[in-house]
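Colleague: You'll find target-v3.cif just under this line, and it carries mmCIF, C-alpha atoms.
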```cif
data_query
loop_
_atom_site.group_PDB
_atom_site.id
_atom_site.type_symbol
_atom_site.label_atom_id
_atom_site.label_comp_id
_atom_site.auth_asym_id
_atom_site.auth_seq_id
_atom_site.Cartn_x
_atom_site.Cartn_y
_atom_site.Cartn_z
ATOM 1 C CA MET A 1 -2.745 -58.675 -4.903
ATOM 2 C CA THR A 2 -1.057 -57.014 -7.860
ATOM 3 C CA ARG A 3 2.505 -55.841 -7.826
ATOM 4 C CA SER A 4 1.549 -52.128 -7.989
ATOM 5 C CA THR A 5 -0.899 -52.498 -5.079
ATOM 6 C CA PHE A 6 1.754 -54.275 -3.015
ATOM 7 C CA LEU A 7 4.361 -51.580 -3.758
ATOM 8 C CA THR A 8 1.921 -48.802 -2.884
ATOM 9 C CA THR A 9 0.967 -50.459 0.405
ATOM 10 C CA ALA A 10 4.577 -51.210 1.340
ATOM 11 C CA THR A 11 5.743 -47.680 0.522
ATOM 12 C CA THR A 12 2.905 -46.128 2.504
ATOM 13 C CA ALA A 13 3.653 -48.335 5.507
ATOM 14 C CA ALA A 14 7.370 -47.531 5.372
ATOM 15 C CA VAL A 15 6.832 -43.793 5.085
ATOM 16 C CA THR A 16 4.259 -43.597 7.884
ATOM 17 C CA THR A 17 6.572 -45.378 10.316
ATOM 18 C CA LEU A 18 9.267 -42.801 9.608
ATOM 19 C CA LEU A 19 7.023 -39.777 10.217
ATOM 20 C CA PRO A 20 6.957 -38.234 13.688
ATOM 21 C CA THR A 21 3.767 -38.723 15.647
ATOM 22 C CA THR A 22 3.521 -35.037 16.580
ATOM 23 C CA ILE A 23 4.174 -32.265 14.134
ATOM 24 C CA LEU A 24 5.735 -29.239 15.774
ATOM 25 C CA PRO A 25 5.192 -25.825 14.236
ATOM 26 C CA SER A 26 8.210 -24.273 12.649
ATOM 27 C CA PRO A 27 9.442 -21.056 14.271
ATOM 28 C CA ALA A 28 9.204 -19.439 10.846
ATOM 29 C CA PHE A 29 5.440 -19.961 10.912
ATOM 30 C CA ALA A 30 4.893 -18.996 14.541
ATOM 31 C CA LYS A 31 2.978 -15.908 13.381
ATOM 32 C CA PHE A 32 0.812 -17.803 10.921
ATOM 33 C CA GLY A 33 -2.177 -15.713 9.939
ATOM 34 C CA GLU A 34 -0.667 -12.417 11.054
ATOM 35 C CA SER A 35 0.238 -9.665 8.636
ATOM 36 C CA ILE A 36 3.820 -9.504 7.429
ATOM 37 C CA TYR A 37 3.584 -5.710 7.497
ATOM 38 C CA VAL A 38 4.310 -3.556 10.514
ATOM 39 C CA SER A 39 1.521 -1.412 11.922
ATOM 40 C CA PRO A 40 2.174 2.251 12.761
ATOM 41 C CA SER A 41 1.985 1.460 16.483
ATOM 42 C CA ALA A 42 4.679 -1.238 16.166
ATOM 43 C CA ALA A 43 6.972 0.773 13.883
ATOM 44 C CA VAL A 44 10.604 1.157 14.891
ATOM 45 C CA VAL A 45 11.427 4.840 14.420
ATOM 46 C CA ASP A 46 14.746 6.653 14.627
ATOM 47 C CA ARG A 47 13.436 9.859 16.246
ATOM 48 C CA GLU A 48 16.618 11.767 15.432
ATOM 49 C CA VAL A 49 16.288 11.026 11.714
ATOM 50 C CA LEU A 50 12.527 11.633 11.823
ATOM 51 C CA GLY A 51 13.178 15.076 13.300
ATOM 52 C CA SER A 52 15.787 15.983 10.673
ATOM 53 C CA ALA A 53 15.055 18.755 8.181
ATOM 54 C CA PRO A 54 14.859 16.567 5.029
ATOM 55 C CA VAL A 55 12.466 14.074 6.620
ATOM 56 C CA GLN A 56 10.293 16.836 8.093
ATOM 57 C CA LYS A 57 10.183 18.485 4.665
ATOM 58 C CA SER A 58 9.003 15.209 3.123
ATOM 59 C CA VAL A 59 6.347 14.818 5.841
ATOM 60 C CA GLU A 60 5.111 18.353 5.114
ATOM 61 C CA SER A 61 4.948 17.624 1.397
ATOM 62 C CA LEU A 62 3.035 14.386 2.038
ATOM 63 C CA VAL A 63 0.572 16.316 4.218
ATOM 64 C CA SER A 64 0.138 18.807 1.360
ATOM 65 C CA TYR A 65 -0.454 15.923 -1.082
ATOM 66 C CA LYS A 66 -3.180 14.587 1.197
ATOM 67 C CA ALA A 67 -4.710 18.082 1.408
ATOM 68 C CA ALA A 68 -4.608 18.296 -2.399
ATOM 69 C CA VAL A 69 -6.549 15.033 -2.626
ATOM 70 C CA THR A 70 -9.127 16.457 -0.218
ATOM 71 C CA ASP A 71 -9.382 19.579 -2.402
ATOM 72 C CA LEU A 72 -9.882 17.427 -5.504
ATOM 73 C CA CYS A 73 -12.668 15.565 -3.674
ATOM 74 C CA GLY A 74 -14.319 18.897 -2.913
ATOM 75 C CA LYS A 75 -14.022 20.022 -6.540
ATOM 76 C CA LEU A 76 -15.578 16.803 -7.765
ATOM 77 C CA LYS A 77 -18.440 16.990 -5.268
ATOM 78 C CA SER A 78 -19.229 20.594 -6.204
ATOM 79 C CA ASP A 79 -18.918 19.957 -9.952
ATOM 80 C CA GLY A 80 -19.183 16.391 -11.219
ATOM 81 C CA GLN A 81 -17.801 17.540 -14.589
ATOM 82 C CA ALA A 82 -14.699 19.302 -13.204
ATOM 83 C CA ASP A 83 -11.531 18.649 -15.205
ATOM 84 C CA LEU A 84 -9.191 17.209 -12.578
ATOM 85 C CA VAL A 85 -6.402 16.009 -14.895
ATOM 86 C CA PRO A 86 -4.435 19.314 -15.031
ATOM 87 C CA ALA A 87 -4.528 19.601 -11.234
ATOM 88 C CA ILE A 88 -3.463 15.970 -10.840
ATOM 89 C CA ARG A 89 -0.555 16.400 -13.247
ATOM 90 C CA THR A 90 0.729 19.598 -11.642
ATOM 91 C CA THR A 91 0.207 18.499 -8.038
ATOM 92 C CA PHE A 92 1.490 14.936 -8.229
ATOM 93 C CA ASP A 93 4.869 15.152 -9.952
ATOM 94 C CA PHE A 94 6.016 11.523 -9.740
ATOM 95 C CA ALA A 95 9.695 12.351 -9.193
ATOM 96 C CA LEU A 96 8.952 14.679 -6.281
ATOM 97 C CA LEU A 97 6.327 12.359 -4.843
ATOM 98 C CA ARG A 98 8.665 9.363 -4.982
ATOM 99 C CA THR A 99 11.483 11.409 -3.406
ATOM 100 C CA SER A 100 9.211 12.435 -0.530
ATOM 101 C CA LEU A 101 8.073 8.854 -0.014
ATOM 102 C CA ASN A 102 11.637 7.505 -0.040
ATOM 103 C CA THR A 103 12.949 10.235 2.271
ATOM 104 C CA LEU A 104 10.293 9.448 4.862
ATOM 105 C CA GLY A 105 11.356 5.793 4.831
ATOM 106 C CA THR A 106 14.893 6.624 5.964
ATOM 107 C CA ALA A 107 13.654 7.221 9.520
ATOM 108 C CA PHE A 108 12.457 3.642 9.993
ATOM 109 C CA ASP A 109 13.922 0.167 10.380
ATOM 110 C CA GLU A 110 13.972 -2.386 7.570
ATOM 111 C CA ASP A 111 10.707 -4.133 8.487
ATOM 112 C CA THR A 112 8.842 -0.850 8.767
ATOM 113 C CA GLN A 113 10.345 0.288 5.461
ATOM 114 C CA ARG A 114 8.811 -2.793 3.833
ATOM 115 C CA SER A 115 5.391 -1.609 5.037
ATOM 116 C CA LEU A 116 6.080 1.944 3.849
ATOM 117 C CA ASP A 117 7.235 0.649 0.461
ATOM 118 C CA ARG A 118 3.948 -1.227 0.044
ATOM 119 C CA ILE A 119 1.958 1.919 0.825
ATOM 120 C CA SER A 120 4.219 4.015 -1.432
ATOM 121 C CA ARG A 121 3.631 1.665 -4.364
ATOM 122 C CA LEU A 122 -0.110 1.872 -3.731
ATOM 123 C CA ILE A 123 0.022 5.672 -3.707
ATOM 124 C CA ILE A 124 1.938 5.830 -7.000
ATOM 125 C CA GLN A 125 -0.468 3.340 -8.567
ATOM 126 C CA ASP A 126 -3.506 5.191 -7.193
ATOM 127 C CA VAL A 127 -2.296 8.497 -8.664
ATOM 128 C CA GLN A 128 -1.848 6.864 -12.074
ATOM 129 C CA GLU A 129 -5.283 5.235 -11.891
ATOM 130 C CA LEU A 130 -6.847 8.503 -10.726
ATOM 131 C CA GLU A 131 -5.416 10.378 -13.693
ATOM 132 C CA ALA A 132 -6.674 7.721 -16.113
ATOM 133 C CA ALA A 133 -10.130 7.602 -14.513
ATOM 134 C CA SER A 134 -10.447 11.409 -14.447
ATOM 135 C CA ALA A 135 -9.866 11.861 -18.170
ATOM 136 C CA PHE A 136 -12.886 12.909 -20.213
ATOM 137 C CA LYS A 137 -13.952 10.676 -23.058
ATOM 138 C CA GLY A 138 -16.665 11.950 -25.278
ATOM 139 C CA GLY A 139 -18.931 14.718 -23.800
ATOM 140 C CA GLY A 140 -18.781 14.503 -20.045
ATOM 141 C CA ARG A 141 -18.459 12.275 -17.042
ATOM 142 C CA SER A 142 -21.291 9.839 -16.333
ATOM 143 C CA GLU A 143 -22.456 9.156 -12.785
ATOM 144 C CA ILE A 144 -20.656 5.822 -12.857
ATOM 145 C CA ARG A 145 -17.366 7.451 -13.904
ATOM 146 C CA ARG A 146 -17.829 10.210 -11.318
ATOM 147 C CA ALA A 147 -18.390 7.597 -8.606
ATOM 148 C CA ASN A 148 -15.309 5.719 -9.822
ATOM 149 C CA VAL A 149 -13.154 8.874 -9.633
ATOM 150 C CA GLU A 150 -14.557 9.648 -6.180
ATOM 151 C CA LYS A 151 -13.743 6.108 -5.039
ATOM 152 C CA LYS A 152 -10.156 6.456 -6.295
ATOM 153 C CA LEU A 153 -9.782 9.818 -4.544
ATOM 154 C CA ASN A 154 -11.012 8.316 -1.273
ATOM 155 C CA LYS A 155 -8.636 5.373 -1.670
ATOM 156 C CA LEU A 156 -5.708 7.728 -2.311
ATOM 157 C CA GLU A 157 -6.634 9.887 0.676
ATOM 158 C CA GLY A 158 -6.740 6.766 2.851
ATOM 159 C CA ALA A 159 -3.320 5.643 1.612
ATOM 160 C CA PHE A 160 -1.786 9.024 2.468
ATOM 161 C CA GLY A 161 -3.448 8.851 5.890
ATOM 162 C CA GLU A 162 -2.070 5.358 6.473
ATOM 163 C CA LEU A 163 1.415 6.500 5.469
ATOM 164 C CA LEU A 164 1.326 9.628 7.614
ATOM 165 C CA ALA A 165 0.263 7.551 10.636
ATOM 166 C CA PHE A 166 3.830 6.210 10.689
ATOM 167 C CA ALA A 167 5.264 9.734 11.001
ATOM 168 C CA LYS A 168 3.363 10.640 14.186
#
```
Output the structure of this file as structure tokens.

Modeller:
Amino acid sequence: MTRSTFLTTATTAAVTTLLPTTILPSPAFAKFGESIYVSPSAAVVDREVLGSAPVQKSVESLVSYKAAVTDLCGKLKSDGQADLVPAIRTTFDFALLRTSLNTLGTAFDEDTQRSLDRISRLIIQDVQELEAASAFKGGGRSEIRRANVEKKLNKLEGAFGELLAFAK
């Protein structure tokens, strides 16, 4: 037996005798496999803050943003070559959109705000991607590009729906 083999065997034997025979799950991992984000049904809401004028105004603006996405979907379905970029730029002012998203979050606890922040980041990113995908390059929009824009519109509409589910 070589020295390295002996040392490996001795170390392994020493370590295994020190290990517990049963491994107990850590309380930190008690929810292993579950989402770290809060669902709308489990959200902790401050109803007084949710009913306040600024939060209700932000909810109304978010509903109008979702309606605008639905309108853009209708425009694209009726005319696959519709220029959506001007409507996207005028409708989705990032400063106003971000303010509405942040104001809505004030009515919820910290864990729920983490979920809302994730959805808010997705909405901002989706609007940017939608604007980039909607731009015309060269003559018109191919069927592939039209389908891509439609997919991004549907994704954005779903994100607004997911966010507004917290405000019900």

Colleague: Between A:Ala67, A:Val49, A:Ala133, A:Ala42, which residue has the minimum interatomic distance to Arg146 (chain A), considering only C-alpha atoms?

Modeller: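 Going through A:Ala67, A:Val49, A:Ala133, A:Ala42 one by one, the smallest distance to Arg146 (chain A) is for A:Ala133.
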
Colleague: Can you pull out every residue within 10 Å of Glu150 (chain A), counting all atoms listed in the file, but drop anything in the same chain fewer than 3 positions away, and send it as number ranges by chain?

Modeller: A: 72-74, 76-77, 80, 130, 133-134, 144-147, 153-156

Colleague: For the contact check between region 76-162 of chain A and region 56-63 of chain A, emit one row per residue of region 76-162 of chain A within 9 Å, containing the shortest atom pair and the distance in Å rounded to one decimal, counting only C-alpha atoms, chain then rising number order, as CSV.

Modeller:
```
residue,atom,partner,partner_atom,distance
A:Leu97,CA,A:Leu62,CA,7.9
A:Thr99,CA,A:Ser58,CA,8.0
A:Ser100,CA,A:Ser58,CA,4.6
A:Leu101,CA,A:Ser58,CA,7.1
A:Asn102,CA,A:Ser58,CA,8.7
A:Thr103,CA,A:Ser58,CA,6.4
A:Leu104,CA,A:Ser58,CA,6.2
A:Phe160,CA,A:Leu62,CA,7.2
A:Gly161,CA,A:Val63,CA,8.6
```

Colleague: Which residue out of A:Val69, A:Leu116, A:Ile124, A:Val149 has the minimum interatomic distance to Leu164 (chain A) when only C-alpha atoms are used?

Modeller: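 Selected residue with least distance to Leu164 (chain A): A:Leu116.
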
Colleague: CA of Asp126 (chain A) to CA of Ser78 (chain A): how many Å, to one decimal?

Modeller: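 Separation of CA of Asp126 (chain A) and CA of Ser78 (chain A): 22.0 Å.
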
Colleague: Using only the atoms of region 37-46 of chain A listed in the file, plus 4 Å on each side, state the axis-aligned box centre and edge lengths in Å rounded to one decimal, as AutoDock Vina command-line options.

Modeller:
```
--center_x 8.1 --center_y 0.5 --center_z 12.0 --size_x 21.2 --size_y 20.4 --size_z 17.0
```

Colleague: Using all atoms listed in the file, can you tell me which of A:Thr12, A:Thr106, A:Arg114, A:Leu163 comes closest to Ser52 (chain A)?

Modeller: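 The closest residue to Ser52 (chain A) is A:Thr106.
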
Colleague: Take CA of Lys66 (chain A) and CA of Ala159 (chain A) and report the distance between them in Å, one decimal.

Modeller: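 Interatomic distance here is 9.0 Å.
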
Colleague: Provide the CA of Arg98 (chain A) to CA of Asp117 (chain A) distance in Å, to one decimal place.

Modeller: 10.4 Å

Colleague: Hey, which of A:Glu157, A:Lys137, A:Pro40, A:Phe108 ends up closest to Ile123 (chain A)? Count all atoms listed in the file.

Modeller: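 Of A:Glu157, A:Lys137, A:Pro40, A:Phe108, the one nearest Ile123 (chain A), counting all atoms listed in the file, is A:Glu157.
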
Colleague: Translate the PyMOL selection byres ((chain A and resi 38) around 10) into a concrete residue list for this structure, as a list in words.

Modeller: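 Given this file, the PyMOL selection byres ((chain A and resi 38) around 10) evaluates to Ser35, Ile36, Tyr37, Ser39, Pro40, Ser41, Ala42, Ala43, Val44, Asp111, Thr112, Gln113, Arg114, Ser115, Leu116 and Phe166 of chain A.
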